[in-house]
file start.cif (mmCIF, C-alpha atoms)
data_coords
loop_
_atom_site.group_PDB
_atom_site.id
_atom_site.type_symbol
_atom_site.label_atom_id
_atom_site.label_comp_id
_atom_site.auth_asym_id
_atom_site.auth_seq_id
_atom_site.Cartn_x
_atom_site.Cartn_y
_atom_site.Cartn_z
ATOM 1 C CA MET A 1 0.000 0.000 0.000
ATOM 2 C CA TRP A 2 0.980 3.621 -0.082
ATOM 3 C CA VAL A 3 1.081 6.267 2.637
ATOM 4 C CA TYR A 4 0.324 9.884 1.760
ATOM 5 C CA GLU A 5 2.507 12.608 3.204
ATOM 6 C CA LYS A 6 1.179 16.158 3.301
ATOM 7 C CA LYS A 7 4.344 17.742 1.924
ATOM 8 C CA LEU A 8 6.064 18.198 -1.418
ATOM 9 C CA GLN A 9 9.341 16.423 -2.087
ATOM 10 C CA TYR A 10 10.897 19.802 -2.892
ATOM 11 C CA PRO A 11 9.407 23.312 -2.503
ATOM 12 C CA VAL A 12 7.553 24.768 -5.500
ATOM 13 C CA ARG A 13 7.442 28.536 -5.805
ATOM 14 C CA VAL A 14 6.405 30.634 -8.787
ATOM 15 C CA SER A 15 7.101 34.334 -9.399
ATOM 16 C CA GLN A 16 3.769 35.173 -11.010
ATOM 17 C CA CYS A 17 0.680 33.892 -12.786
ATOM 18 C CA ASN A 18 1.894 32.493 -16.125
ATOM 19 C CA PRO A 19 -0.589 30.220 -17.937
ATOM 20 C CA ARG A 20 1.617 29.993 -21.031
ATOM 21 C CA LEU A 21 4.314 28.242 -19.005
ATOM 22 C CA ALA A 22 1.666 25.983 -17.440
ATOM 23 C CA LYS A 23 0.608 24.884 -20.912
ATOM 24 C CA PHE A 24 4.152 23.656 -21.595
ATOM 25 C CA LEU A 25 4.626 22.088 -18.146
ATOM 26 C CA ILE A 26 1.596 19.856 -18.607
ATOM 27 C CA GLU A 27 3.848 17.805 -20.907
ATOM 28 C CA GLN A 28 5.439 16.373 -17.750
ATOM 29 C CA TYR A 29 2.004 15.688 -16.225
ATOM 30 C CA GLY A 30 0.254 13.697 -18.953
ATOM 31 C CA GLY A 31 2.844 13.415 -21.730
ATOM 32 C CA ALA A 32 4.671 10.355 -23.055
ATOM 33 C CA ASP A 33 7.799 10.946 -20.945
ATOM 34 C CA GLY A 34 5.989 12.608 -18.060
ATOM 35 C CA GLU A 35 5.811 11.692 -14.396
ATOM 36 C CA LEU A 36 2.525 9.756 -14.629
ATOM 37 C CA ALA A 37 3.922 7.554 -17.386
ATOM 38 C CA ALA A 38 7.096 7.030 -15.344
ATOM 39 C CA ALA A 39 5.276 6.055 -12.140
ATOM 40 C CA LEU A 40 2.932 3.660 -13.936
ATOM 41 C CA ARG A 41 5.756 2.148 -15.998
ATOM 42 C CA TYR A 42 7.987 1.226 -13.044
ATOM 43 C CA LEU A 43 5.260 0.183 -10.646
ATOM 44 C CA ASN A 44 3.819 -2.109 -13.314
ATOM 45 C CA GLN A 45 7.119 -3.677 -14.374
ATOM 46 C CA ARG A 46 8.150 -4.515 -10.817
ATOM 47 C CA TYR A 47 5.816 -7.533 -10.474
ATOM 48 C CA THR A 48 7.751 -9.606 -12.982
ATOM 49 C CA ILE A 49 11.278 -8.178 -12.615
ATOM 50 C CA PRO A 50 13.903 -10.260 -10.707
ATOM 51 C CA ASP A 51 13.919 -9.805 -6.914
ATOM 52 C CA LYS A 52 17.244 -7.978 -6.964
ATOM 53 C CA VAL A 53 15.700 -4.878 -8.568
ATOM 54 C CA ILE A 54 12.080 -4.890 -7.315
ATOM 55 C CA GLY A 55 13.015 -2.512 -4.484
ATOM 56 C CA LEU A 56 14.548 -0.025 -6.897
ATOM 57 C CA LEU A 57 11.518 -0.007 -9.228
ATOM 58 C CA THR A 58 9.177 0.361 -6.245
ATOM 59 C CA ASP A 59 11.130 3.274 -4.786
ATOM 60 C CA ILE A 60 11.669 5.154 -8.044
ATOM 61 C CA GLY A 61 8.050 4.565 -9.091
ATOM 62 C CA THR A 62 6.909 5.981 -5.766
ATOM 63 C CA GLU A 63 9.177 9.016 -6.119
ATOM 64 C CA GLU A 64 7.646 9.685 -9.553
ATOM 65 C CA PHE A 65 4.264 10.214 -7.889
ATOM 66 C CA ALA A 66 5.899 12.849 -5.675
ATOM 67 C CA HIS A 67 7.201 14.497 -8.869
ATOM 68 C CA LEU A 68 3.723 14.329 -10.421
ATOM 69 C CA GLU A 69 2.449 16.253 -7.410
ATOM 70 C CA MET A 70 5.179 18.875 -7.861
ATOM 71 C CA ILE A 71 4.237 19.375 -11.532
ATOM 72 C CA ALA A 72 0.557 19.626 -10.577
ATOM 73 C CA THR A 73 1.475 22.237 -7.964
ATOM 74 C CA MET A 74 3.390 24.263 -10.566
ATOM 75 C CA VAL A 75 0.481 24.170 -13.036
ATOM 76 C CA TYR A 76 -2.013 25.022 -10.291
ATOM 77 C CA LYS A 77 0.034 27.980 -9.036
ATOM 78 C CA LEU A 78 0.717 29.309 -12.534
ATOM 79 C CA THR A 79 -2.980 29.265 -13.526
ATOM 80 C CA LYS A 80 -5.050 29.778 -10.366
ATOM 81 C CA ASP A 81 -5.297 33.571 -10.742
ATOM 82 C CA ALA A 82 -5.626 33.666 -14.533
ATOM 83 C CA THR A 83 -8.754 35.070 -16.177
ATOM 84 C CA PRO A 84 -10.453 33.136 -19.008
ATOM 85 C CA GLU A 85 -9.100 35.826 -21.339
ATOM 86 C CA GLN A 86 -5.529 35.228 -20.140
ATOM 87 C CA LEU A 87 -5.940 31.466 -20.525
ATOM 88 C CA LYS A 88 -7.204 32.002 -24.077
ATOM 89 C CA GLU A 89 -4.218 34.209 -24.910
ATOM 90 C CA ALA A 90 -1.886 31.545 -23.490
ATOM 91 C CA GLY A 91 -3.294 28.913 -25.825
ATOM 92 C CA LEU A 92 -5.363 27.275 -23.085
ATOM 93 C CA GLY A 93 -8.769 28.284 -24.502
ATOM 94 C CA ALA A 94 -9.519 24.744 -25.647
ATOM 95 C CA HIS A 95 -8.468 23.418 -22.249
ATOM 96 C CA TYR A 96 -10.691 25.937 -20.462
ATOM 97 C CA ALA A 97 -13.665 25.045 -22.662
ATOM 98 C CA ASP A 98 -13.456 21.418 -21.520
ATOM 99 C CA HIS A 99 -11.905 21.560 -18.052
ATOM 100 C CA ASP A 100 -12.138 25.099 -16.633
ATOM 101 C CA LYS A 101 -8.936 25.275 -14.555
ATOM 102 C CA ALA A 102 -8.965 21.583 -13.627
ATOM 103 C CA LEU A 103 -5.792 19.705 -14.432
ATOM 104 C CA PHE A 104 -6.028 16.929 -16.958
ATOM 105 C CA TYR A 105 -3.685 14.161 -18.058
ATOM 106 C CA HIS A 106 -2.716 15.351 -21.500
ATOM 107 C CA ASN A 107 0.476 16.602 -23.079
ATOM 108 C CA ALA A 108 1.425 20.178 -24.022
ATOM 109 C CA ALA A 109 -0.413 19.791 -27.336
ATOM 110 C CA GLY A 110 -3.603 18.589 -25.606
ATOM 111 C CA VAL A 111 -3.293 14.912 -26.600
ATOM 112 C CA PRO A 112 -4.804 12.798 -23.778
ATOM 113 C CA PHE A 113 -2.651 10.340 -21.827
ATOM 114 C CA THR A 114 -2.609 6.787 -23.134
ATOM 115 C CA ALA A 115 -1.276 3.491 -21.761
ATOM 116 C CA THR A 116 0.637 3.070 -25.033
ATOM 117 C CA TYR A 117 3.191 5.538 -23.615
ATOM 118 C CA ILE A 118 4.517 2.796 -21.343
ATOM 119 C CA GLN A 119 6.072 -0.537 -22.175
ATOM 120 C CA ALA A 120 6.304 -3.837 -20.306
ATOM 121 C CA LYS A 121 8.192 -6.497 -22.204
ATOM 122 C CA GLY A 122 8.743 -8.918 -19.325
ATOM 123 C CA ASP A 123 12.387 -9.233 -20.322
ATOM 124 C CA PRO A 124 14.247 -7.542 -17.471
ATOM 125 C CA ILE A 125 17.053 -6.091 -19.593
ATOM 126 C CA ALA A 126 14.601 -4.786 -22.215
ATOM 127 C CA ASP A 127 12.446 -3.240 -19.477
ATOM 128 C CA LEU A 128 15.380 -1.594 -17.705
ATOM 129 C CA TYR A 129 16.753 -0.147 -20.966
ATOM 130 C CA GLU A 130 13.282 1.253 -21.587
ATOM 131 C CA ASP A 131 13.443 2.820 -18.121
ATOM 132 C CA ILE A 132 16.878 4.340 -18.726
ATOM 133 C CA ALA A 133 15.622 5.819 -22.010
ATOM 134 C CA ALA A 134 12.516 7.167 -20.268
ATOM 135 C CA GLU A 135 14.648 8.928 -17.653
ATOM 136 C CA GLU A 136 16.904 10.467 -20.307
ATOM 137 C CA LYS A 137 13.880 11.672 -22.302
ATOM 138 C CA ALA A 138 12.362 13.194 -19.182
ATOM 139 C CA ARG A 139 15.691 14.884 -18.386
ATOM 140 C CA ALA A 140 15.762 16.373 -21.894
ATOM 141 C CA THR A 141 12.157 17.576 -21.551
ATOM 142 C CA TYR A 142 12.998 19.338 -18.277
ATOM 143 C CA GLN A 143 15.887 21.047 -20.042
ATOM 144 C CA TRP A 144 13.630 22.273 -22.870
ATOM 145 C CA LEU A 145 11.150 23.547 -20.273
ATOM 146 C CA ILE A 146 13.874 25.403 -18.366
ATOM 147 C CA ASP A 147 15.082 26.892 -21.671
ATOM 148 C CA MET A 148 11.610 28.343 -22.285
ATOM 149 C CA SER A 149 10.933 29.521 -18.725
ATOM 150 C CA ASP A 150 11.893 32.962 -17.422
ATOM 151 C CA ASP A 151 10.673 32.266 -13.889
ATOM 152 C CA PRO A 152 13.723 31.838 -11.625
ATOM 153 C CA PHE A 153 11.700 30.278 -8.754
ATOM 154 C CA LEU A 154 10.077 27.756 -11.048
ATOM 155 C CA ASN A 155 13.393 26.942 -12.698
ATOM 156 C CA GLU A 156 14.829 25.988 -9.314
ATOM 157 C CA SER A 157 12.175 23.281 -8.900
ATOM 158 C CA LEU A 158 12.505 22.190 -12.542
ATOM 159 C CA ALA A 159 16.282 21.867 -12.113
ATOM 160 C CA PHE A 160 15.697 19.652 -9.058
ATOM 161 C CA LEU A 161 13.427 17.388 -11.135
ATOM 162 C CA ARG A 162 15.948 17.330 -13.993
ATOM 163 C CA GLU A 163 18.663 16.165 -11.579
ATOM 164 C CA ARG A 164 16.417 13.421 -10.218
ATOM 165 C CA GLU A 165 16.103 12.000 -13.746
ATOM 166 C CA VAL A 166 19.899 11.817 -13.917
ATOM 167 C CA VAL A 167 20.070 9.931 -10.610
ATOM 168 C CA HIS A 168 17.284 7.541 -11.605
ATOM 169 C CA SER A 169 18.978 6.818 -14.911
ATOM 170 C CA GLN A 170 22.200 6.062 -13.035
ATOM 171 C CA ARG A 171 20.469 3.671 -10.618
ATOM 172 C CA PHE A 172 18.738 1.864 -13.510
ATOM 173 C CA ARG A 173 22.111 1.448 -15.261
ATOM 174 C CA GLU A 174 23.459 -0.137 -12.070
ATOM 175 C CA ALA A 175 20.418 -2.423 -11.976
ATOM 176 C CA VAL A 176 21.254 -3.632 -15.497
ATOM 177 C CA GLU A 177 24.793 -4.463 -14.353
ATOM 178 C CA ILE A 178 23.475 -6.304 -11.275
ATOM 179 C CA LEU A 179 21.245 -8.480 -13.472
ATOM 180 C CA LYS A 180 23.978 -9.101 -16.043
ATOM 181 C CA GLU A 181 26.333 -10.186 -13.272
ATOM 182 C CA ALA A 182 23.752 -12.596 -11.863
ATOM 183 C CA ARG A 183 23.165 -13.992 -15.348
ATOM 184 C CA GLU A 184 26.907 -14.579 -15.892
ATOM 185 C CA GLN A 185 27.171 -16.427 -12.563
ATOM 186 C CA LYS A 186 24.375 -18.794 -13.522
ATOM 187 C CA ARG A 187 26.088 -19.627 -16.769
ATOM 188 C CA PHE A 188 29.170 -21.052 -15.004
ATOM 189 C CA PHE A 189 27.460 -23.337 -12.471
ATOM 190 C CA MET B 190 -9.606 32.060 -2.248
ATOM 191 C CA THR B 191 -7.689 33.891 0.452
ATOM 192 C CA ARG B 192 -5.965 32.017 3.176
ATOM 193 C CA GLU B 193 -4.332 33.142 6.387
ATOM 194 C CA ALA B 194 -0.625 33.625 5.820
ATOM 195 C CA LEU B 195 1.454 30.814 7.270
ATOM 196 C CA PRO B 196 4.076 31.714 9.873
ATOM 197 C CA GLU B 197 7.707 31.797 8.813
ATOM 198 C CA GLU B 198 8.343 28.870 11.156
ATOM 199 C CA PHE B 199 6.074 26.663 9.028
ATOM 200 C CA TYR B 200 8.201 27.203 5.958
ATOM 201 C CA GLN B 201 11.450 26.788 7.873
ATOM 202 C CA LEU B 202 10.468 23.518 9.533
ATOM 203 C CA MET B 203 8.979 22.202 6.306
ATOM 204 C CA GLU B 204 12.150 22.979 4.397
ATOM 205 C CA ASP B 205 14.337 21.370 7.088
ATOM 206 C CA LEU B 206 12.242 18.224 6.834
ATOM 207 C CA GLN B 207 12.313 18.265 3.030
ATOM 208 C CA ALA B 208 16.109 18.531 3.132
ATOM 209 C CA VAL B 209 16.555 15.603 5.515
ATOM 210 C CA ASP B 210 13.989 13.469 3.707
ATOM 211 C CA PHE B 211 15.727 14.179 0.426
ATOM 212 C CA VAL B 212 18.947 12.720 1.816
ATOM 213 C CA LEU B 213 16.951 9.650 2.848
ATOM 214 C CA ILE B 214 15.381 9.165 -0.587
ATOM 215 C CA GLU B 215 18.762 9.529 -2.215
ATOM 216 C CA LEU B 216 20.431 7.050 0.185
ATOM 217 C CA ASN B 217 17.482 4.682 -0.163
ATOM 218 C CA LEU B 218 17.896 4.465 -3.950
ATOM 219 C CA TYR B 219 21.674 4.195 -3.607
ATOM 220 C CA LEU B 220 21.364 1.347 -1.101
ATOM 221 C CA ASP B 221 18.950 -0.453 -3.424
ATOM 222 C CA THR B 222 21.898 -0.988 -5.779
ATOM 223 C CA HIS B 223 24.718 -0.898 -3.167
ATOM 224 C CA PRO B 224 23.245 -2.955 -0.296
ATOM 225 C CA GLU B 225 26.592 -3.688 1.330
ATOM 226 C CA ASP B 226 27.856 -0.133 1.680
ATOM 227 C CA LEU B 227 28.022 0.081 5.469
ATOM 228 C CA GLU B 228 28.892 3.811 5.568
ATOM 229 C CA ALA B 229 25.828 4.668 3.462
ATOM 230 C CA LEU B 230 23.696 2.464 5.679
ATOM 231 C CA LYS B 231 24.925 4.221 8.816
ATOM 232 C CA GLN B 232 24.138 7.589 7.226
ATOM 233 C CA PHE B 233 20.693 6.299 6.313
ATOM 234 C CA ASN B 234 19.891 5.315 9.892
ATOM 235 C CA THR B 235 21.257 8.588 11.291
ATOM 236 C CA PHE B 236 19.130 10.655 8.914
ATOM 237 C CA ALA B 237 16.084 8.458 9.546
ATOM 238 C CA GLN B 238 16.371 9.400 13.211
ATOM 239 C CA GLN B 239 16.737 13.110 12.371
ATOM 240 C CA SER B 240 13.725 12.920 10.083
ATOM 241 C CA GLN B 241 11.555 11.424 12.818
ATOM 242 C CA ALA B 242 12.568 14.124 15.279
ATOM 243 C CA LEU B 243 11.902 16.924 12.779
ATOM 244 C CA ARG B 244 8.545 15.420 11.784
ATOM 245 C CA ARG B 245 7.500 15.283 15.442
ATOM 246 C CA THR B 246 8.430 18.963 15.935
ATOM 247 C CA PHE B 247 6.525 20.005 12.827
ATOM 248 C CA GLU B 248 3.451 17.961 13.687
ATOM 249 C CA GLU B 249 3.229 19.254 17.271
ATOM 250 C CA ARG B 250 3.062 22.765 15.874
ATOM 251 C CA PHE B 251 1.201 22.396 12.567
ATOM 252 C CA GLY B 252 -0.707 19.109 12.573
ATOM 253 C CA PRO B 253 -0.279 15.638 11.097
ATOM 254 C CA LEU B 254 1.837 15.043 7.999
ATOM 255 C CA LEU B 255 1.068 11.359 7.433
ATOM 256 C CA GLY B 256 -2.359 9.837 6.814
ATOM 257 C CA GLY B 257 -3.857 6.539 7.913
ATOM 258 C CA GLY B 258 -2.681 6.592 11.521
ATOM 259 C CA LYS B 259 1.013 7.099 10.810
ATOM 260 C CA SER B 260 0.716 10.469 12.587
ATOM 261 C CA PHE B 261 -1.246 11.333 15.730
ATOM 262 C CA SER B 262 -4.125 13.822 15.510
ATOM 263 C CA THR B 263 -4.934 16.812 17.675
ATOM 264 C CA PHE B 264 -8.609 17.636 18.390
ATOM 265 C CA PRO B 265 -10.667 18.326 16.342
ATOM 266 C CA TRP B 266 -9.593 15.968 13.536
ATOM 267 C CA ALA B 267 -6.723 17.897 11.974
ATOM 268 C CA TRP B 268 -5.775 15.799 8.958
ATOM 269 C CA LYS B 269 -8.383 17.283 6.620
ATOM 270 C CA GLU B 270 -7.349 20.860 7.356
ATOM 271 C CA PRO B 271 -5.391 22.956 4.868
ATOM 272 C CA PRO B 272 -2.814 23.803 3.833
ATOM 273 C CA TRP B 273 -2.334 20.986 1.321
ATOM 274 C CA PRO B 274 1.051 20.833 -0.367
ATOM 275 C CA TRP B 275 0.018 22.797 -3.469
ATOM 276 C CA GLN B 276 -1.503 25.562 -1.321
ATOM 277 C CA ILE B 277 1.704 26.400 0.524
#
call {"tool": "encode", "arguments": {"input": "start.cif", "output": "structure tokens"}}
result
Amino acid sequence: MWVYEKKLQYPVRVSQCNPRLAKFLIEQYGGADGELAAALRYLNQRYTIPDKVIGLLTDIGTEEFAHLEMIATMVYKLTKDATPEQLKEAGLGAHYADHDKALFYHNAAGVPFTATYIQAKGDPIADLYEDIAAEEKARATYQWLIDMSDDPFLNESLAFLREREVVHSQRFREAVEILKEAREQKRFF
Amino acid sequence: MTREALPEEFYQLMEDLQAVDFVLIELNLYLDTHPEDLEALKQFNTFAQQSQALRRTFEERFGPLLGGGKSFSTFPWAWKEPPWPWQI
């Protein structure tokens, strides 16, 4: 089971209302390489992965939900004071027509989230390489978002998330080595 | 929606806890792939203790942080009260 903690993993502050930035950030909420996809990918793969790496997938998958909450907080804070007119100008008119200011799991272009964003091959090496790629794609996305953002407070939180992708990628690479090593040992006995 | 401003102490204690808990998450993931690193394990246990102490201090002042009975409640039932993380 999971336990909810009433705190963010890292503080989220924004300088001002900025719905245009929120429109881009939603990529990491409901996009292909976003935090929802990451959490669901790892927590789904863990059931059939070798015991040696179940803990890692569980812990990283859980952390991704904390990141999802940070992204949601950013979007909420950037849009909560916006008028319908401002949302329209920011390219969020179509979103407002369907959702008001509610968040929704879609990407920056408004394409709804789909399970086809995540893979589960059952082959542990294939799954872990998929996970490494996912982390690198998420890291790149955070970089593109930082490049487009002029909000120094927001960028601090985005940089934190970008660094977490680097660490996760590193841990997944180690997991691959652990499994390869175990496989080699079996071969000789 | 206007909310009463939170005292400076809230933000300070929250940030202290976030910092310590970050160390724990980082060590946790590291230990998942380096289970026999005794130094890292000692650090993990030291920070786990610090985290518990900080959480207790925060909760005595500002209410429960963990749901489902992992934190004690003051009266009246305090869990459902704001601020929620995105409102801070």
call {"tool": "interface_residues", "arguments": {"input": "start.cif", "of": "chain A", "to": "chain B", "cutoff": "10 Å", "atoms": "all atoms listed in the file", "output": "compact mmCIF listing (two decimals) with C-alpha atoms, in the frame of the given file"}}
result
# COMPACT_ATOMS: atom_id res chain seq x y z
CA TRP A 2 0.98 3.62 -0.08
CA VAL A 3 1.08 6.27 2.64
CA TYR A 4 0.32 9.88 1.76
CA GLU A 5 2.51 12.61 3.20
CA LYS A 6 1.18 16.16 3.30
CA LYS A 7 4.34 17.74 1.92
CA LEU A 8 6.06 18.20 -1.42
CA GLN A 9 9.34 16.42 -2.09
CA TYR A 10 10.90 19.80 -2.89
CA PRO A 11 9.41 23.31 -2.50
CA VAL A 12 7.55 24.77 -5.50
CA ARG A 13 7.44 28.54 -5.80
CA LYS A 52 17.24 -7.98 -6.96
CA VAL A 53 15.70 -4.88 -8.57
CA ILE A 54 12.08 -4.89 -7.32
CA GLY A 55 13.02 -2.51 -4.48
CA LEU A 56 14.55 -0.02 -6.90
CA LEU A 57 11.52 -0.01 -9.23
CA THR A 58 9.18 0.36 -6.24
CA ASP A 59 11.13 3.27 -4.79
CA ILE A 60 11.67 5.15 -8.04
CA GLU A 63 9.18 9.02 -6.12
CA GLU A 69 2.45 16.25 -7.41
CA MET A 70 5.18 18.88 -7.86
CA ILE A 71 4.24 19.38 -11.53
CA ALA A 72 0.56 19.63 -10.58
CA THR A 73 1.48 22.24 -7.96
CA MET A 74 3.39 24.26 -10.57
CA VAL A 75 0.48 24.17 -13.04
CA TYR A 76 -2.01 25.02 -10.29
CA LYS A 77 0.03 27.98 -9.04
CA LYS A 80 -5.05 29.78 -10.37
CA ASP A 81 -5.30 33.57 -10.74
CA ARG A 164 16.42 13.42 -10.22
CA VAL A 167 20.07 9.93 -10.61
CA HIS A 168 17.28 7.54 -11.60
CA GLN A 170 22.20 6.06 -13.04
CA ARG A 171 20.47 3.67 -10.62
CA PHE A 172 18.74 1.86 -13.51
CA ARG A 173 22.11 1.45 -15.26
CA GLU A 174 23.46 -0.14 -12.07
CA ALA A 175 20.42 -2.42 -11.98
CA GLU A 177 24.79 -4.46 -14.35
CA ILE A 178 23.48 -6.30 -11.28
call {"tool": "atom_distance", "arguments": {"input": "start.cif", "atom1": "CA of Asn107 (chain A)", "atom2": "CA of Thr48 (chain A)"}}
result
29.0 Å
call {"tool": "atom_distance", "arguments": {"input": "start.cif", "atom1": "CA of Glu156 (chain A)", "atom2": "CA of Glu136 (chain A)"}}
result
19.1 Å
call {"tool": "residues_around", "arguments": {"input": "start.cif", "residues": "Lys231 (chain B)", "least_positions_apart": "5", "cutoff": "12 Å", "atoms": "all atoms listed in the file", "output": "ChimeraX atom specification"}}
result
/B:213,216-217,220,224-226,236-238
call {"tool": "axis_aligned_box", "arguments": {"input": "start.cif", "around": "region 36-40 of chain A", "padding_each_side": "8 Å", "output": "JSON"}}
result
{"center_x": 4.8, "center_y": 6.7, "center_z": -14.8, "size_x": 20.6, "size_y": 22.1, "size_z": 21.2}
call {"tool": "residues_around", "arguments": {"input": "start.cif", "residues": "Tyr29 (chain A)", "least_positions_apart": "3", "cutoff": "8 Å", "atoms": "all atoms listed in the file", "output": "list of chain:residue names"}}
result
A:Leu25, A:Ile26, A:Gly34, A:Glu35, A:Leu36, A:Leu68, A:Ile71, A:Ala72, A:Tyr105, A:His106, A:Asn107
call {"tool": "residues_around", "arguments": {"input": "start.cif", "residues": "Leu21 (chain A)", "least_positions_apart": "5", "cutoff": "9 Å", "atoms": "all atoms listed in the file", "output": "ChimeraX atom specification"}}
result
/A:26,75,78,90,145,148-149
call {"tool": "residues_around", "arguments": {"input": "start.cif", "residues": "Leu87 (chain A)", "least_positions_apart": "2", "cutoff": "10 Å", "atoms": "only C-alpha atoms", "output": "list in words"}}
result
Asn18, Pro19, Arg20, Ala22, Lys23, Thr79, Ala82, Thr83, Pro84, Glu85, Glu89, Ala90, Gly91, Leu92, Gly93, Ala94, His95, Tyr96, Asp100 and Lys101 of chain A
call {"tool": "resolve_selection", "arguments": {"input": "start.cif", "expression": "the PyMOL selection byres ((chain A and resi 139) around 9)", "output": "short mmCIF file (atom, residue, chain, number, x, y, z; two decimals) with C-alpha atoms, keeping the file's coordinate frame"}}
result
data_model
loop_
_atom_site.label_atom_id
_atom_site.label_comp_id
_atom_site.auth_asym_id
_atom_site.auth_seq_id
_atom_site.Cartn_x
_atom_site.Cartn_y
_atom_site.Cartn_z
CA ALA A 134 12.52 7.17 -20.27
CA GLU A 135 14.65 8.93 -17.65
CA GLU A 136 16.90 10.47 -20.31
CA LYS A 137 13.88 11.67 -22.30
CA ALA A 138 12.36 13.19 -19.18
CA ALA A 140 15.76 16.37 -21.89
CA THR A 141 12.16 17.58 -21.55
CA TYR A 142 13.00 19.34 -18.28
CA GLN A 143 15.89 21.05 -20.04
CA TRP A 144 13.63 22.27 -22.87
CA LEU A 161 13.43 17.39 -11.14
CA ARG A 162 15.95 17.33 -13.99
CA GLU A 163 18.66 16.16 -11.58
CA ARG A 164 16.42 13.42 -10.22
CA GLU A 165 16.10 12.00 -13.75
CA VAL A 166 19.90 11.82 -13.92
#
call {"tool": "atom_distance", "arguments": {"input": "start.cif", "atom1": "CA of Glu249 (chain B)", "atom2": "CA of Pro265 (chain B)"}}
result
14.0 Å
call {"tool": "closest_residue", "arguments": {"input": "start.cif", "among": "A:Leu40, A:Thr114, A:Gln86, A:Thr62", "to": "Cys17 (chain A)", "atoms": "only C-alpha atoms"}}
result
A:Gln86
